[in-house]
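Source file run.tsv; content: TSV, C-alpha atoms.
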chain	number	residue	atom	x	y	z
K	1	MET	CA	2.70	263.94	85.06
K	2	SER	CA	-0.90	262.88	84.58
K	3	HIS	CA	-2.36	260.13	86.71
K	4	ARG	CA	-4.68	257.65	85.04
K	5	ILE	CA	-6.93	255.45	87.12
K	6	PRO	CA	-7.17	251.88	85.79
K	7	ALA	CA	-10.50	251.11	84.15
K	8	VAL	CA	-13.01	248.96	86.00
K	9	ASN	CA	-14.15	245.60	84.68
K	10	LYS	CA	-17.05	246.43	82.38
K	11	ARG	CA	-18.28	242.85	82.43
K	12	LEU	CA	-18.73	242.92	86.21
K	13	GLN	CA	-20.59	246.22	85.97
K	14	LYS	CA	-23.39	244.24	84.29
K	15	VAL	CA	-23.62	241.79	87.20
K	16	GLN	CA	-26.26	242.55	89.80
K	17	THR	CA	-25.15	243.51	93.31
K	18	PRO	CA	-25.61	240.59	95.73
K	19	ILE	CA	-29.05	241.13	97.21
K	20	ILE	CA	-28.15	239.33	100.43
K	21	SER	CA	-25.56	242.03	101.17
K	22	GLU	CA	-28.01	244.84	100.42
K	23	ILE	CA	-30.64	243.39	102.74
K	24	ALA	CA	-28.02	242.66	105.42
K	25	ASN	CA	-26.99	246.32	105.40
K	26	LEU	CA	-30.62	247.37	105.87
K	27	ILE	CA	-31.05	244.87	108.72
K	28	GLN	CA	-27.93	246.23	110.42
K	29	ALA	CA	-29.23	249.78	110.09
K	30	ASN	CA	-32.61	248.81	111.57
K	31	LYS	CA	-31.86	247.05	114.85
K	32	GLY	CA	-34.28	244.40	116.01
K	33	THR	CA	-35.24	243.27	112.51
K	34	ILE	CA	-36.24	239.62	112.19
K	35	SER	CA	-34.88	238.05	109.02
K	36	LEU	CA	-36.96	235.95	106.66
K	37	GLY	CA	-34.34	236.71	104.03
K	38	GLN	CA	-31.30	234.46	103.85
K	39	GLY	CA	-31.82	230.77	103.21
K	40	VAL	CA	-30.35	229.01	106.24
K	41	VAL	CA	-31.65	226.44	108.71
K	42	TYR	CA	-32.17	226.90	112.45
K	43	TYR	CA	-30.07	223.89	113.51
K	44	PRO	CA	-26.29	223.28	113.73
K	45	PRO	CA	-24.24	220.40	112.28
K	46	PRO	CA	-24.58	216.94	113.87
K	47	LYS	CA	-22.73	216.48	117.16
K	48	ALA	CA	-20.60	213.78	115.53
K	49	ALA	CA	-19.29	216.33	113.01
K	50	LEU	CA	-18.09	218.58	115.85
K	51	ASP	CA	-16.82	215.81	118.13
K	52	CYS	CA	-14.57	214.35	115.44
K	53	LEU	CA	-12.59	217.60	115.30
K	54	HIS	CA	-11.21	217.42	118.85
K	55	GLU	CA	-8.17	215.55	117.63
K	56	PHE	CA	-7.82	217.53	114.42
K	57	GLY	CA	-4.40	219.10	114.02
K	58	SER	CA	-2.37	216.39	115.73
K	59	ASN	CA	-1.24	214.94	112.40
K	60	PHE	CA	0.98	216.80	109.97
K	61	ASP	CA	-1.36	215.91	107.08
K	62	ASP	CA	-4.05	218.01	108.73
K	63	HIS	CA	-2.09	221.12	107.75
K	64	ILE	CA	-1.29	220.49	104.09
K	65	TYR	CA	-3.36	220.60	100.91
K	66	THR	CA	-5.69	217.72	100.20
K	67	HIS	CA	-6.25	216.14	96.79
K	68	VAL	CA	-7.82	218.66	94.44
K	69	SER	CA	-11.08	216.67	94.30
K	70	GLY	CA	-11.36	216.00	98.04
K	71	ILE	CA	-10.05	213.57	100.65
K	72	ASN	CA	-10.58	209.86	99.95
K	73	GLU	CA	-12.82	209.34	102.98
K	74	LEU	CA	-15.21	212.06	101.85
K	75	GLN	CA	-15.20	210.83	98.25
K	76	THR	CA	-16.17	207.38	99.56
K	77	MET	CA	-18.95	208.76	101.76
K	78	ILE	CA	-20.35	210.86	98.93
K	79	SER	CA	-20.42	207.86	96.59
K	80	LYS	CA	-22.24	205.83	99.25
K	81	LYS	CA	-24.71	208.65	99.88
K	82	LEU	CA	-25.39	209.16	96.15
K	83	LYS	CA	-26.18	205.46	95.71
K	84	GLN	CA	-28.36	205.20	98.81
K	85	ASP	CA	-30.25	208.51	98.70
K	86	ASN	CA	-30.18	209.50	95.03
K	87	HIS	CA	-29.95	206.13	93.25
K	88	ILE	CA	-26.86	207.43	91.43
K	89	ASN	CA	-24.17	204.83	90.82
K	90	VAL	CA	-20.90	206.67	90.36
K	91	SER	CA	-18.82	204.83	87.79
K	92	ASP	CA	-15.76	205.48	85.66
K	93	ALA	CA	-18.04	207.60	83.48
K	94	SER	CA	-18.45	210.17	86.28
K	95	GLY	CA	-16.28	212.29	88.53
K	96	ILE	CA	-16.88	213.81	91.96
K	97	MET	CA	-15.39	217.09	93.12
K	98	VAL	CA	-15.68	218.49	96.63
K	99	THR	CA	-16.05	222.28	96.51
K	100	ALA	CA	-16.54	225.20	98.89
K	101	GLY	CA	-20.33	224.97	98.66
K	102	SER	CA	-22.52	224.25	95.64
K	103	ASN	CA	-22.22	227.85	94.43
K	104	MET	CA	-18.57	227.12	93.71
K	105	ALA	CA	-19.54	223.80	92.12
K	106	PHE	CA	-21.79	225.72	89.73
K	107	LEU	CA	-19.07	228.22	88.85
K	108	GLN	CA	-16.47	225.46	88.33
K	109	SER	CA	-18.91	223.68	86.01
K	110	LEU	CA	-19.50	226.82	83.94
K	111	PHE	CA	-15.75	227.33	83.56
K	112	ALA	CA	-15.45	223.75	82.33
K	113	ILE	CA	-18.25	223.79	79.74
K	114	THR	CA	-18.52	227.35	78.39
K	115	SER	CA	-16.69	229.89	76.29
K	116	PRO	CA	-17.49	233.63	76.21
K	117	ASN	CA	-20.80	234.42	74.50
K	118	ASP	CA	-22.21	230.94	75.08
K	119	GLU	CA	-25.79	230.74	76.39
K	120	ILE	CA	-27.14	229.08	79.54
K	121	VAL	CA	-30.88	228.55	79.95
K	122	LEU	CA	-32.26	229.41	83.40
K	123	LEU	CA	-35.85	228.85	84.44
K	124	ARG	CA	-37.38	232.05	85.81
K	125	PRO	CA	-37.54	232.73	88.69
K	126	TYR	CA	-33.88	231.79	88.86
K	127	TYR	CA	-31.34	231.69	91.66
K	128	PHE	CA	-29.56	235.04	91.46
K	129	ASN	CA	-26.07	233.62	92.02
K	130	HIS	CA	-26.52	231.41	88.96
K	131	GLU	CA	-27.35	234.41	86.80
K	132	MET	CA	-24.46	236.36	88.30
K	133	ALA	CA	-21.95	233.58	87.58
K	134	ILE	CA	-23.11	233.29	83.97
K	135	ASN	CA	-22.67	237.02	83.39
K	136	MET	CA	-19.28	237.09	85.12
K	137	LEU	CA	-17.92	234.58	82.62
K	138	GLY	CA	-19.07	236.64	79.66
K	139	CYS	CA	-21.86	234.22	78.81
K	140	LYS	CA	-25.53	235.02	78.27
K	141	CYS	CA	-28.33	234.07	80.62
K	142	VAL	CA	-31.44	233.07	78.66
K	143	ALA	CA	-34.36	233.28	81.09
K	144	VAL	CA	-37.35	231.04	80.40
K	145	ASP	CA	-40.63	231.73	82.17
K	146	CYS	CA	-42.38	229.00	84.15
K	147	ASP	CA	-46.14	228.71	84.66
K	148	LYS	CA	-48.11	230.43	87.43
K	149	ASN	CA	-47.05	227.75	89.94
K	150	PHE	CA	-43.42	228.08	88.82
K	151	GLN	CA	-43.34	224.74	87.05
K	152	PRO	CA	-41.25	224.43	83.85
K	153	VAL	CA	-43.03	224.88	80.53
K	154	TYR	CA	-41.42	222.42	78.13
K	155	GLN	CA	-42.20	224.34	74.92
K	156	ASN	CA	-40.74	227.52	76.39
K	157	ILE	CA	-37.50	225.66	77.05
K	158	ILE	CA	-37.36	224.27	73.51
K	159	ASN	CA	-37.94	227.75	72.09
K	160	ALA	CA	-35.02	229.13	74.12
K	161	ILE	CA	-32.40	226.72	72.74
K	162	SER	CA	-30.06	228.03	70.06
K	163	GLY	CA	-26.78	227.02	68.49
K	164	LYS	CA	-24.98	228.80	71.35
K	165	THR	CA	-26.78	226.97	74.16
K	166	ARG	CA	-24.44	224.97	76.39
K	167	ALA	CA	-26.70	223.96	79.26
K	168	ILE	CA	-30.14	224.04	80.85
K	169	VAL	CA	-30.20	224.59	84.60
K	170	THR	CA	-32.89	223.18	86.89
K	171	ILE	CA	-33.25	223.64	90.65
K	172	SER	CA	-35.55	221.19	92.39
K	173	PRO	CA	-36.67	221.68	95.11
K	174	ASN	CA	-36.52	225.23	93.91
K	175	ASN	CA	-34.91	228.36	95.21
K	176	PRO	CA	-36.66	230.85	95.25
K	177	SER	CA	-40.12	229.43	94.57
K	178	GLY	CA	-40.27	226.28	96.67
K	179	ALA	CA	-41.63	224.39	93.64
K	180	VAL	CA	-40.74	220.71	93.28
K	181	TYR	CA	-40.38	219.38	89.74
K	182	SER	CA	-41.81	215.94	88.99
K	183	GLU	CA	-39.76	213.00	87.80
K	184	ALA	CA	-41.52	213.20	84.42
K	185	THR	CA	-40.67	216.90	84.02
K	186	LEU	CA	-37.01	216.45	84.91
K	187	THR	CA	-36.73	213.37	82.72
K	188	SER	CA	-38.11	215.22	79.71
K	189	ILE	CA	-35.66	218.09	80.21
K	190	ASN	CA	-32.75	215.68	80.63
K	191	GLN	CA	-33.75	213.82	77.46
K	192	LEU	CA	-33.97	217.12	75.60
K	193	CYS	CA	-30.42	217.96	76.67
K	194	LYS	CA	-29.23	214.59	75.43
K	195	GLU	CA	-30.91	215.08	72.06
K	196	LYS	CA	-29.52	218.59	71.65
K	197	GLY	CA	-26.00	217.71	72.76
K	198	ILE	CA	-26.02	220.13	75.71
K	199	TYR	CA	-25.59	219.73	79.45
K	200	HIS	CA	-28.26	219.46	82.11
K	201	ILE	CA	-27.05	221.14	85.31
K	202	SER	CA	-29.23	219.88	88.16
K	203	ASP	CA	-28.97	221.87	91.42
K	204	GLU	CA	-30.21	219.67	94.26
K	205	ALA	CA	-29.14	221.61	97.36
K	206	TYR	CA	-32.61	221.22	98.92
K	207	GLU	CA	-33.01	217.51	98.16
K	208	TYR	CA	-34.36	216.54	101.61
K	209	PHE	CA	-36.74	219.48	102.01
K	210	THR	CA	-40.02	218.27	100.51
K	211	TYR	CA	-43.52	218.34	101.99
K	212	ASN	CA	-46.93	216.73	101.59
K	213	ASP	CA	-46.80	214.23	98.73
K	214	ALA	CA	-43.87	215.84	96.91
K	215	GLY	CA	-40.64	213.91	96.48
K	216	HIS	CA	-37.17	214.63	95.20
K	217	PHE	CA	-35.81	213.06	92.00
K	218	SER	CA	-32.17	213.07	90.86
K	219	VAL	CA	-31.82	213.13	87.07
K	220	ALA	CA	-28.36	211.53	87.20
K	221	SER	CA	-30.12	208.32	88.26
K	222	LEU	CA	-31.53	208.03	84.73
K	223	PRO	CA	-29.90	205.44	82.44
K	224	ASP	CA	-27.37	206.90	79.98
K	225	SER	CA	-27.42	210.31	81.64
K	226	GLU	CA	-23.76	210.39	82.72
K	227	SER	CA	-22.42	212.00	79.56
K	228	HIS	CA	-24.52	215.17	79.74
K	229	THR	CA	-25.61	215.59	83.37
K	230	ILE	CA	-23.91	217.70	86.03
K	231	SER	CA	-25.44	217.36	89.51
K	232	LEU	CA	-24.77	219.81	92.33
K	233	PHE	CA	-25.23	219.07	96.02
K	234	SER	CA	-24.56	220.86	99.30
K	235	LEU	CA	-24.29	220.16	103.01
K	236	SER	CA	-25.14	223.80	103.83
K	237	LYS	CA	-28.86	223.25	104.27
K	238	SER	CA	-29.32	219.59	105.12
K	239	TYR	CA	-26.56	219.35	107.74
K	240	GLY	CA	-26.49	222.96	108.99
K	241	PHE	CA	-23.11	223.43	107.31
K	242	ALA	CA	-23.57	226.88	105.78
K	243	SER	CA	-20.38	228.43	107.18
K	244	TRP	CA	-18.31	225.27	106.70
K	245	ARG	CA	-18.59	225.62	102.91
K	246	ILE	CA	-18.85	222.05	101.66
K	247	GLY	CA	-20.64	221.10	98.47
K	248	TYR	CA	-19.86	218.75	95.61
K	249	ALA	CA	-20.43	218.20	91.92
K	250	VAL	CA	-21.01	214.95	90.03
K	251	TYR	CA	-20.02	215.40	86.40
K	252	PRO	CA	-19.14	213.54	83.17
K	253	SER	CA	-15.63	212.07	83.32
K	254	ASN	CA	-14.57	213.83	80.12
K	255	LEU	CA	-14.76	217.11	82.09
K	256	ASP	CA	-12.43	215.83	84.80
K	257	GLN	CA	-9.22	217.56	83.73
K	258	ASP	CA	-10.95	220.87	83.10
K	259	MET	CA	-12.78	220.72	86.45
K	260	LYS	CA	-9.47	220.08	88.20
K	261	LYS	CA	-7.78	222.96	86.36
K	262	VAL	CA	-10.45	225.35	87.62
K	263	GLN	CA	-10.46	223.95	91.15
K	264	ASP	CA	-6.68	224.10	91.44
K	265	THR	CA	-6.57	227.69	90.19
K	266	ASN	CA	-9.55	228.97	92.13
K	267	LEU	CA	-9.33	227.09	95.43
K	268	ILE	CA	-6.67	224.32	95.24
K	269	CYS	CA	-8.94	222.23	97.47
K	270	ALA	CA	-11.81	222.56	99.91
K	271	ASN	CA	-10.42	223.10	103.41
K	272	ARG	CA	-9.50	219.88	105.17
K	273	ILE	CA	-11.16	220.49	108.52
K	274	SER	CA	-14.55	221.00	106.87
K	275	GLN	CA	-14.04	217.87	104.79
K	276	VAL	CA	-13.31	215.83	107.92
K	277	ALA	CA	-16.46	217.20	109.55
K	278	ALA	CA	-18.43	216.40	106.39
K	279	VAL	CA	-17.36	212.75	106.57
K	280	ALA	CA	-18.81	212.51	110.06
K	281	ALA	CA	-21.99	214.35	109.06
K	282	LEU	CA	-22.64	212.06	106.10
K	283	SER	CA	-21.98	209.06	108.38
K	284	VAL	CA	-24.92	210.19	110.51
K	285	GLY	CA	-27.04	210.25	107.35
K	286	LYS	CA	-30.10	212.09	106.09
K	287	GLU	CA	-32.11	211.03	109.13
K	288	TYR	CA	-30.49	213.94	110.95
K	289	CYS	CA	-32.01	216.38	108.48
K	290	VAL	CA	-35.36	214.60	108.27
K	291	GLU	CA	-35.78	214.75	112.05
K	292	LYS	CA	-34.92	218.46	112.16
K	293	ILE	CA	-37.35	219.24	109.32
K	294	GLN	CA	-40.32	218.49	111.57
K	295	ARG	CA	-39.91	221.85	113.29
K	296	ILE	CA	-39.57	223.57	109.93
K	297	ILE	CA	-42.83	221.96	108.83
K	298	GLU	CA	-44.60	223.42	111.89
K	299	ALA	CA	-43.28	226.89	111.10
K	300	ARG	CA	-44.19	226.41	107.44
K	301	HIS	CA	-47.81	225.55	108.25
K	302	TYR	CA	-48.17	228.54	110.55
K	303	LEU	CA	-46.78	230.98	107.97
K	304	GLU	CA	-48.73	229.41	105.10
K	305	ASN	CA	-52.04	229.66	106.93
K	306	ALA	CA	-51.44	233.32	107.78
K	307	LEU	CA	-50.45	234.25	104.22
K	308	SER	CA	-53.43	232.40	102.79
K	309	GLU	CA	-55.76	234.81	104.58
K	310	LEU	CA	-54.31	237.76	102.64
K	311	ASP	CA	-55.81	236.81	99.28
K	312	ASN	CA	-56.81	240.44	98.65
K	313	ILE	CA	-53.22	241.59	99.20
K	314	CYS	CA	-51.07	238.76	97.88
K	315	SER	CA	-51.30	235.32	96.29
K	316	LEU	CA	-49.41	232.23	97.34
K	317	PRO	CA	-48.38	229.84	94.53
K	318	LYS	CA	-48.04	226.16	95.37
K	319	ALA	CA	-44.73	225.44	97.11
K	320	GLU	CA	-43.90	221.96	98.38
K	321	GLY	CA	-40.13	222.12	98.75
K	322	ALA	CA	-37.08	223.96	100.08
K	323	PHE	CA	-38.11	226.47	102.79
K	324	TYR	CA	-39.41	229.38	100.75
K	325	PHE	CA	-42.69	230.97	99.75
K	326	LEU	CA	-42.59	233.29	96.74
K	327	ILE	CA	-45.62	235.52	97.17
K	328	LYS	CA	-47.06	237.83	94.55
K	329	CYS	CA	-48.13	241.16	96.02
K	330	ASN	CA	-50.94	243.29	94.60
K	331	THR	CA	-49.11	246.61	94.51
K	332	GLU	CA	-47.50	249.02	92.06
K	333	LEU	CA	-44.47	249.26	94.32
K	334	SER	CA	-41.28	247.58	93.14
K	335	SER	CA	-40.31	244.50	95.11
K	336	LEU	CA	-37.13	246.22	96.37
K	337	THR	CA	-39.11	249.24	97.61
K	338	LEU	CA	-41.59	246.97	99.37
K	339	ALA	CA	-38.77	244.95	100.95
K	340	LYS	CA	-37.08	248.15	102.19
K	341	ASN	CA	-40.35	249.45	103.65
K	342	LEU	CA	-40.95	246.20	105.50
K	343	ILE	CA	-37.54	246.45	107.14
K	344	GLU	CA	-37.61	250.14	107.94
K	345	LYS	CA	-41.23	250.36	109.10
K	346	HIS	CA	-41.95	246.90	110.48
K	347	ARG	CA	-38.55	245.33	111.23
K	348	ILE	CA	-39.11	242.26	109.06
K	349	ALA	CA	-36.77	241.28	106.23
K	350	VAL	CA	-37.58	239.37	103.04
K	351	LEU	CA	-35.92	239.30	99.61
K	352	PRO	CA	-37.29	241.18	96.57
K	353	GLY	CA	-38.37	239.06	93.61
K	354	ALA	CA	-36.50	241.33	91.19
K	355	ALA	CA	-33.25	239.69	92.31
K	356	PHE	CA	-34.60	236.41	90.94
K	357	GLY	CA	-35.55	237.87	87.56
K	358	LEU	CA	-39.17	238.75	88.43
K	359	LYS	CA	-39.33	242.44	87.52
K	360	ASP	CA	-42.73	242.79	85.85
K	361	ASN	CA	-44.67	242.14	89.07
K	362	CYS	CA	-43.98	242.55	92.77
K	363	TYR	CA	-42.83	239.27	94.32
K	364	LEU	CA	-41.21	238.63	97.70
K	365	ARG	CA	-39.25	235.55	98.74
K	366	VAL	CA	-40.05	234.57	102.32
K	367	ALA	CA	-37.57	232.14	103.93
K	368	TYR	CA	-38.67	230.23	107.02
K	369	GLY	CA	-35.90	227.66	107.53
K	370	ALA	CA	-34.07	229.64	110.21
K	371	LEU	CA	-37.09	230.02	112.50
K	372	ASP	CA	-38.84	227.53	114.74
K	373	ILE	CA	-42.49	227.57	115.78
K	374	ASN	CA	-41.78	230.01	118.65
K	375	ASN	CA	-40.21	232.92	116.78
K	376	ILE	CA	-42.07	232.28	113.52
K	377	LYS	CA	-45.17	233.66	115.24
K	378	GLN	CA	-43.60	237.05	115.88
K	379	ALA	CA	-42.04	237.10	112.40
K	380	THR	CA	-45.38	236.23	110.79
K	381	HIS	CA	-47.17	238.89	112.83
K	382	ARG	CA	-44.73	241.55	111.60
K	383	LEU	CA	-44.92	240.40	107.99
K	384	ILE	CA	-48.72	240.24	107.87
K	385	ASN	CA	-49.15	243.60	109.57
K	386	GLY	CA	-46.50	245.15	107.37
K	387	LEU	CA	-48.11	243.96	104.16
K	388	LYS	CA	-51.52	245.17	105.34
K	389	ASP	CA	-50.09	248.56	106.23
K	390	ILE	CA	-48.02	249.13	103.08
K	391	ILE	CA	-50.31	247.56	100.48
K	392	LYS	CA	-53.59	249.48	100.77
Let me see the structure of the file written as structure tokens.
Amino acid sequence: MSHRIPAVNKRLQKVQTPIISEIANLIQANKGTISLGQGVVYYPPPKAALDCLHEFGSNFDDHIYTHVSGINELQTMISKKLKQDNHINVSDASGIMVTAGSNMAFLQSLFAITSPNDEIVLLRPYYFNHEMAINMLGCKCVAVDCDKNFQPVYQNIINAISGKTRAIVTISPNNPSGAVYSEATLTSINQLCKEKGIYHISDEAYEYFTYNDAGHFSVASLPDSESHTISLFSLSKSYGFASWRIGYAVYPSNLDQDMKKVQDTNLICANRISQVAAVAALSVGKEYCVEKIQRIIEARHYLENALSELDNICSLPKAEGAFYFLIKCNTELSSLTLAKNLIEKHRIAVLPGAAFGLKDNCYLRVAYGALDINNIKQATHRLINGLKDIIK
């Protein structure tokens, strides 16, 4: 009797391999590597978020499913936070869903608004998990190039819209570029979505991480934006919650049933213990993040000054948000080859720009959120020396 092996999923074969895993394997194989790769912060959750869990488990409700959209206390805290920090008044026209991080919020939203072969506009450089999610659902990613400082080009966006377009995605402050989009830019994109009858998905995971004169703007605060705006937020960065997996989406109320269908099938609910911790974290407020950012700013200045002296090797576009620099390297090497060489020869890890859609030139994403001013010096020394050695 013949034995036939089941066919693999052809759709997933077109999805890029997670670059974080590839780089993690290289770091593991090269002991002593300092990582400027993954986007995490150096600090833990607020003490209040950990202290509140001492009594967790004493009530039976602690061990059963929560409401599909999140526990009431967290829903209340999120609504308060949105009004205070983002000037978003959640009304009957909007819904809130607590998810296992904002990556899941993005995927849930795509499930709710797309059908196979629909198109989603991403601004390039894009966040690789966004592109991966679009391809997984059998939709098409339409990449639109930004300008040399990674700011959106309005006409390019208009030219990318077709009859199959379902949404335009913006990330501000941006991953991977660190660019911060102005209120005027985001407003124009949101208005375009309204006129075209498509959604504006606004990823705001780095909302508190802005520098110099840059400031964050939430498009859902615009009048009459509720019907076409989906806003994504996360506690992973701001409250040091990466492993706790808590994010949330604010979306038009007409999507509520579909969002709940996806959540119930995919997750049922975000885990209760993380939701309880999130309530305590949000009670502390954004001041916790703002205070911690001061050390990130010191590391940022140190790294920026060092990179600025390598103008013959690489260029440093303007970046006033998140905790990334996306540097353009003057080399014929691919970004993945350069990233591998930096790990293997100089024990410093960064992410290749190709993962973010930048394949025509050699870009590297340098993340500095996990390092303070003490170890950023050694990391910077390795990166600078590595670039000088490899790019000749």
Selected residue, from K:Val180, K:Ala306, K:Met104, K:Met259, that lies nearest to His130 of chain K when counting all atoms listed in the file |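 Result for the nearest residue to His130 of chain K: K:Met104.
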Taking only residues of segment 262-360 of chain K that have an atom at most 10 Å from an atom of segment 9-20 of chain K, what is each one's shortest atom pair and its distance in Å to one decimal, using only C-alpha atoms, in chain and number order, as a Markdown table?
| residue | atom | partner | partner_atom | distance |
| --- | --- | --- | --- | --- |
| K:Leu336 | CA | K:Ile19 | CA | 9.6 |
| K:Val350 | CA | K:Ile20 | CA | 9.8 |
| K:Leu351 | CA | K:Ile19 | CA | 7.5 |
| K:Pro352 | CA | K:Ile19 | CA | 8.3 |
| K:Ala354 | CA | K:Ile19 | CA | 9.6 |
| K:Ala355 | CA | K:Ile19 | CA | 6.6 |
| K:Phe356 | CA | K:Ile19 | CA | 9.6 |
Excluding Cys269 of chain K and any residue of its chain fewer than 6 positions from it, enumerate the residues within 10 Å of it, using only C-alpha atoms, and give them as a PyMOL selection string.
-> chain K and resi 65-71+97-100+260+263+275
Selected residue of minimal separation from Ala367 of chain K among K:Ala214, K:Ile246, K:Ala379, K:Ile293, counting only C-alpha atoms | K:Ala379
Restricting to only C-alpha atoms, whichever of K:Lys377, K:Lys80, K:Lys148, K:Lys31 is closest to Arg300 of chain K is K:Lys377
Please provide the set of residues having any atom within 7 Å of Arg295 of chain K, restricted to only C-alpha atoms, with same-chain residues fewer than 4 positions apart removed, written as a short mmCIF file (atom, residue, chain, number, x, y, z; two decimals) with C-alpha atoms, in the coordinates of the input.
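This went into out_12.cif:
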data_model
loop_
_atom_site.label_atom_id
_atom_site.label_comp_id
_atom_site.auth_asym_id
_atom_site.auth_seq_id
_atom_site.Cartn_x
_atom_site.Cartn_y
_atom_site.Cartn_z
CA ALA K 299 -43.28 226.89 111.10
CA ASP K 372 -38.84 227.53 114.74
CA ILE K 373 -42.49 227.57 115.78
#
List every protein, DNA or RNA residue with an atom no more than 10 Å from (-31.6, 218.8, 92.6) in the file's coordinates, counting only C-alpha atoms, and format the result as a ChimeraX atom specification.
-> /K:86,169-174,180-181,186,201-208,216-220,231-234
Could you check which of K:Ala24, K:Ile343, K:Leu371, K:Ile327 is closest to Gly178 of chain K, using all atoms listed in the file?
->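 Answer, going by the shortest atom-to-atom distance: K:Ile327.
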Just the residues within 7 Å of Ile157 of chain K, please, counting only C-alpha atoms, with nothing from its chain fewer than 4 positions along; format it as JSON, numbers by chain.
-> {"K": [144, 153, 161]}
Take the selection from the previous step and output its residues with C-alpha atoms, as an mmCIF file, keeping the file's coordinate frame.
data_model
loop_
_atom_site.group_PDB
_atom_site.id
_atom_site.type_symbol
_atom_site.label_atom_id
_atom_site.label_comp_id
_atom_site.auth_asym_id
_atom_site.auth_seq_id
_atom_site.Cartn_x
_atom_site.Cartn_y
_atom_site.Cartn_z
ATOM 1 C CA VAL K 144 -37.350 231.040 80.400
ATOM 2 C CA VAL K 153 -43.030 224.880 80.530
ATOM 3 C CA ILE K 161 -32.400 226.720 72.740
#
Env of Asn89 of chain K: 10 Å cut, atoms = all atoms listed in the file, seq-sep filter 6 positions within chain, self excluded. Answer as a short mmCIF file (atom, residue, chain, number, x, y, z; two decimals) with C-alpha atoms, keeping the file's coordinate frame.
data_model
loop_
_atom_site.label_atom_id
_atom_site.label_comp_id
_atom_site.auth_asym_id
_atom_site.auth_seq_id
_atom_site.Cartn_x
_atom_site.Cartn_y
_atom_site.Cartn_z
CA SER K 79 -20.42 207.86 96.59
CA LYS K 80 -22.24 205.83 99.25
CA LYS K 81 -24.71 208.65 99.88
CA LEU K 82 -25.39 209.16 96.15
CA LYS K 83 -26.18 205.46 95.71
CA ALA K 220 -28.36 211.53 87.20
CA SER K 221 -30.12 208.32 88.26
CA GLU K 226 -23.76 210.39 82.72
#
Restricting the calculation to all atoms listed in the file, which member of K:Gln257, K:Tyr42, K:Phe60, K:Cys329 is positioned closest to Asn312 of chain K?
->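 Checking each of K:Gln257, K:Tyr42, K:Phe60, K:Cys329 against Asn312 of chain K, counting all atoms listed in the file, the winner is K:Cys329.
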Do a neighbour search on Cys141 of chain K at 12 Å with all atoms listed in the file, toss out local chain neighbours closer than 6 positions, and write the hits as a PyMOL selection string.
-> chain K and resi 14-15+110+116-124+126-135+160-161+164-169+357
Between K:Tyr154, K:Tyr239, K:Tyr251, K:Phe111, smallest distance to Tyr199 of chain K by all atoms listed in the file belongs to K:Tyr251
Quick one, how far is atom CA of Leu222 of chain K from atom CA of Ile198 of chain K?
->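 Taking atom CA of Leu222 of chain K and atom CA of Ile198 of chain K, their separation equals 16.1 Å.
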Point-to-point distance in Å for atom CA of Thr210 of chain K and atom CA of Glu320 of chain K =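 Straight-line distance from atom CA of Glu320 of chain K to atom CA of Thr210 of chain K works out to 5.8 Å.
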